[in-house]
Amino acid sequence: MRPWLILTLLLSLSTAPATLAADDPPAAQRPRIGLVLSGGGARGAAHIGVLAVLEELRIPVDAIAGTSMGAIVGGLYASGMSPDEMQAAIAAIDWRSVFDDAPPRQDRSFRRKEDQYDPLFALELGWTGRRMLLPSGLIAGQKLDIILRELVLNTYDITDFDRLPVRYRAVAADLADGQAVVLRRGDLVQAMRASMAIPGAFTPVDLDGHQLVDGGMAKNLPVDVVRGMGVDIVIAVDIGTPVGMLDGSESLLGVVRRTLDVLSKANVGEQKKLLTDRDLLLEPDLGTIETASFDRLGEAVAVGRRAAEARAADLSRFSVSEAEYAALRACQRRPRLADPMVDRIVVGGNRRVPARMIERRMTTQAGRPLDLGRLRRDLTDIYRVGEFARVDARLTRADSSNTLEIDARRSPGARATCASGCCCRAISTARANSTSWPTTGSASSTAWAPNGARSAASAAPWGCGRTSTSRWSTRDSGSSIRR
């Protein structure tokens with residue numbers, strides 16, 4: 001072979017890697033950035049202000065890990081909501097009503113209206129025939145669940161959190177041993193709720209046989225979780241309540257919150273030690289805004305914005321070009337889809353809840369697009385019977401079919417109440433605890449009506465369609481619950 005030909009071949013081989021690298025997408029050439037959002041109740045609204053500044057500075061967010069309120073804000077952002085949309089959403093919510101599971105007085109039955117005048121307290125007790133049952137929390141989160149489901153409806157067909165517009169993890173704690181539980185797949189709303197189920201305040205979330213509560217007691221600033229997702233740089237936002245002196249006026253829930261603050265203080269310190277010189281820590285000074293200051297959410301958002309703006313020079317080193325950020329935003333921003341079709345409705349929950357009791361109160365029907373307003377009224381109508389601890393609805397997708405799952409869990413005191421003559425007394429309980437509704441007009445429970453027209457986006461999981469996943473660590477892969 002001639003010398004000049006050999007030289008030409010060697011030169012072409014030596015330049016091949018550079019040519020391939022130039023053809024890689026821009027995102028593969030820049031460092032991956034992970035965002036960590038801590039818990040802190042109402043103080044967590046500061047995360048929205050931080051996110052707004054990150055977008056203004058064109059800082060890409062490739063992965064999010066959050067705890068408690070950080071899991072809520074992170075989950076909404078990962079689902080495709082913008083900071084402006086989140087701020088508008090929290091401003092429109094009547095938070096005093098959200099933390100009161102009882103339906104409005106005008107929607108209660110006569111017997112439940114009488115309960116309002118009980119001389120002692122409204123703590124509902126149950127009796128199994130052998131022992132007394134106490135509720136596992138003061139709040140079941142009935143109204144909060146409905147709100148969250150409405151906000152993230154466009155992700156109803158996604159059960160792998162790596163397929164959300166932004167990769168996401170929520171951190172809860174196992175009530176059995178207090179260990180951190182990382183949620184990476186399943187029901188997004190259930191994951192967010194589990195992460196903020198404050199013990200004693202919210203009832204625990206039952207997931208895969210585990211009773212999950214607020215993750216702040218185990219890992220309130222999950223730096224190691226987002227690091228395990230394969231990111232190169234971490235931006236951590238700590239909005240935890242400083243531990244100070246008690247003034248002697250703490251309520252029951254105040255004592256619970258303070259206990260969580262003390263527990264989280266130690267684990268937050270351990271997580272901060274994992275930050276490197278390449279990472280960035282933001283600690284918004286929220287002053288007198290407390291974990292329960294839901295009437296000051298707007299102030300918390302503003303504080304978060306100011307904290308991020310004060311570190312704009314440090315944050316700017318993570319910025320990308322306008323063109324690259326515009327492409328990323330178009331990929332991660334949530335599209336507005338048409339109302340999904342409900343192909344069938346399944347009623348489940350506690351075995352002792354007659355399915356017919358739920359069915360006859362539902363106006364939502366299979367074979368029609370989901371009407372969120374109608375569904376909200378249906379769930380309220382079922383819940384106002386007063387025999388259920390919570391009533392939830394979840395839309396799932398499998399085999400090109402959408403199923404609306406109604407989950408009604410009876411409250412601890414329901415058995416004693418039912419035995420004394422509630423409205424379900426005459427209803428036979430011999431039926432199976434789960435039943436499917438056929439489409440209106442169908443002669444058979446297995447003859448479903450056509451699904452009807454759907455947009456392409458609603459017919460398949462949507463996300464950024466990353467060109468390569470090889471750079472992402474799989475250390476946290478596995479079941480929905482991971483220690």
# chains A, B, ... in the order shown; residues from 1 in each chain; ligands from 1
$ select_by_dssp --residues "range 121-325 of chain A" --states "strand (DSSP E)" --output "short mmCIF file (atom, residue, chain, number, x, y, z; two decimals) with N, CA and C atoms, in the first residue's frame"
data_model
loop_
_atom_site.label_atom_id
_atom_site.label_comp_id
_atom_site.auth_asym_id
_atom_site.auth_seq_id
_atom_site.Cartn_x
_atom_site.Cartn_y
_atom_site.Cartn_z
N GLY A 126 -63.64 4.22 65.86
CA GLY A 126 -64.21 3.01 65.30
C GLY A 126 -64.10 1.87 66.31
N TRP A 127 -64.88 0.80 66.06
CA TRP A 127 -64.87 -0.34 66.95
C TRP A 127 -64.93 -1.61 66.11
N MET A 132 -60.80 -0.54 70.17
CA MET A 132 -61.14 0.77 69.65
C MET A 132 -60.17 1.15 68.53
N LEU A 133 -60.68 1.82 67.49
CA LEU A 133 -59.85 2.28 66.39
C LEU A 133 -59.80 3.80 66.40
N GLY A 137 -54.70 9.94 61.22
CA GLY A 137 -54.34 11.34 61.02
C GLY A 137 -55.57 12.20 61.09
N LEU A 138 -55.37 13.49 61.37
CA LEU A 138 -56.52 14.39 61.46
C LEU A 138 -57.08 14.74 60.09
N ILE A 139 -56.24 14.66 59.05
CA ILE A 139 -56.65 15.05 57.71
C ILE A 139 -56.36 13.90 56.75
N ARG A 167 -37.22 14.38 34.64
CA ARG A 167 -37.09 13.19 35.47
C ARG A 167 -37.28 13.58 36.93
N TYR A 168 -37.93 12.69 37.70
CA TYR A 168 -38.43 13.10 39.02
C TYR A 168 -38.33 11.98 40.03
N ARG A 169 -38.06 12.37 41.29
CA ARG A 169 -38.12 11.45 42.42
C ARG A 169 -38.76 12.17 43.61
N ALA A 170 -39.59 11.46 44.34
CA ALA A 170 -40.17 11.97 45.59
C ALA A 170 -39.63 11.12 46.73
N VAL A 171 -39.39 11.74 47.87
CA VAL A 171 -38.84 11.04 49.02
C VAL A 171 -39.86 11.04 50.15
N ALA A 172 -40.21 9.85 50.62
CA ALA A 172 -41.09 9.68 51.78
C ALA A 172 -40.32 8.91 52.84
N ALA A 173 -41.00 8.59 53.94
CA ALA A 173 -40.39 7.80 55.01
C ALA A 173 -41.31 6.65 55.35
N ASP A 174 -40.74 5.49 55.62
CA ASP A 174 -41.50 4.31 56.00
C ASP A 174 -41.82 4.41 57.49
N ALA A 180 -35.74 6.32 54.75
CA ALA A 180 -36.16 7.05 53.55
C ALA A 180 -36.62 6.08 52.47
N VAL A 181 -37.66 6.47 51.75
CA VAL A 181 -38.21 5.68 50.65
C VAL A 181 -38.22 6.58 49.41
N VAL A 182 -37.53 6.16 48.38
CA VAL A 182 -37.45 6.93 47.13
C VAL A 182 -38.49 6.39 46.16
N LEU A 183 -39.38 7.25 45.71
CA LEU A 183 -40.46 6.86 44.80
C LEU A 183 -40.07 7.29 43.39
N GLY A 200 -49.54 12.38 62.10
CA GLY A 200 -50.47 12.99 63.05
C GLY A 200 -51.39 14.01 62.41
N ALA A 201 -50.92 14.63 61.33
CA ALA A 201 -51.75 15.61 60.63
C ALA A 201 -52.46 14.93 59.45
N PHE A 202 -51.68 14.42 58.48
CA PHE A 202 -52.23 13.69 57.36
C PHE A 202 -52.17 12.19 57.64
N VAL A 205 -49.90 7.21 53.66
CA VAL A 205 -50.27 6.68 52.35
C VAL A 205 -49.84 5.22 52.29
N ASP A 206 -50.79 4.34 52.02
CA ASP A 206 -50.51 2.91 51.93
C ASP A 206 -50.03 2.59 50.52
N LEU A 207 -48.77 2.18 50.38
CA LEU A 207 -48.21 1.89 49.07
C LEU A 207 -47.38 0.61 49.14
N HIS A 210 -46.54 -0.68 52.49
CA HIS A 210 -45.80 0.21 53.38
C HIS A 210 -46.67 1.41 53.73
N GLN A 211 -46.60 1.83 54.99
CA GLN A 211 -47.28 3.05 55.42
C GLN A 211 -46.27 4.20 55.31
N LEU A 212 -46.49 5.08 54.34
CA LEU A 212 -45.53 6.14 54.06
C LEU A 212 -45.99 7.47 54.63
N VAL A 213 -45.03 8.21 55.20
CA VAL A 213 -45.30 9.52 55.78
C VAL A 213 -44.28 10.52 55.25
N ASP A 214 -44.40 11.75 55.74
CA ASP A 214 -43.54 12.85 55.30
C ASP A 214 -42.06 12.45 55.31
N ILE A 233 -24.13 18.22 38.11
CA ILE A 233 -24.17 19.40 38.97
C ILE A 233 -25.48 19.42 39.74
N VAL A 234 -25.42 19.81 41.00
CA VAL A 234 -26.61 19.87 41.85
C VAL A 234 -26.87 21.30 42.30
N ILE A 235 -28.09 21.75 42.12
CA ILE A 235 -28.56 23.01 42.71
C ILE A 235 -29.55 22.62 43.80
N ALA A 236 -29.21 22.89 45.04
CA ALA A 236 -30.05 22.49 46.18
C ALA A 236 -30.68 23.73 46.81
N VAL A 237 -31.97 23.61 47.15
CA VAL A 237 -32.69 24.72 47.77
C VAL A 237 -33.24 24.24 49.11
N LEU A 280 -24.31 24.14 43.91
CA LEU A 280 -24.75 25.44 44.44
C LEU A 280 -25.87 25.22 45.45
N LEU A 281 -25.78 25.87 46.60
CA LEU A 281 -26.79 25.78 47.65
C LEU A 281 -27.48 27.13 47.83
N LEU A 282 -28.80 27.13 47.77
CA LEU A 282 -29.60 28.33 48.02
C LEU A 282 -30.37 28.14 49.31
#
$ closest_residue --among "A:Ile358, A:Ala197, A:Val346, A:Leu148" --to "Glu405 in chain A" --atoms "only C-alpha atoms"
A:Val346
$ atom_distance --atom1 "CA of Leu286 in chain A" --atom2 "CA of Thr67 in chain A"
17.9 Å
$ select_by_dssp --residues "range 240-373 of chain A" --states "alpha helix (DSSP H)" --output "ChimeraX atom specification"
/A:252-272,297-310,312-315,322-332,355-359,372-373
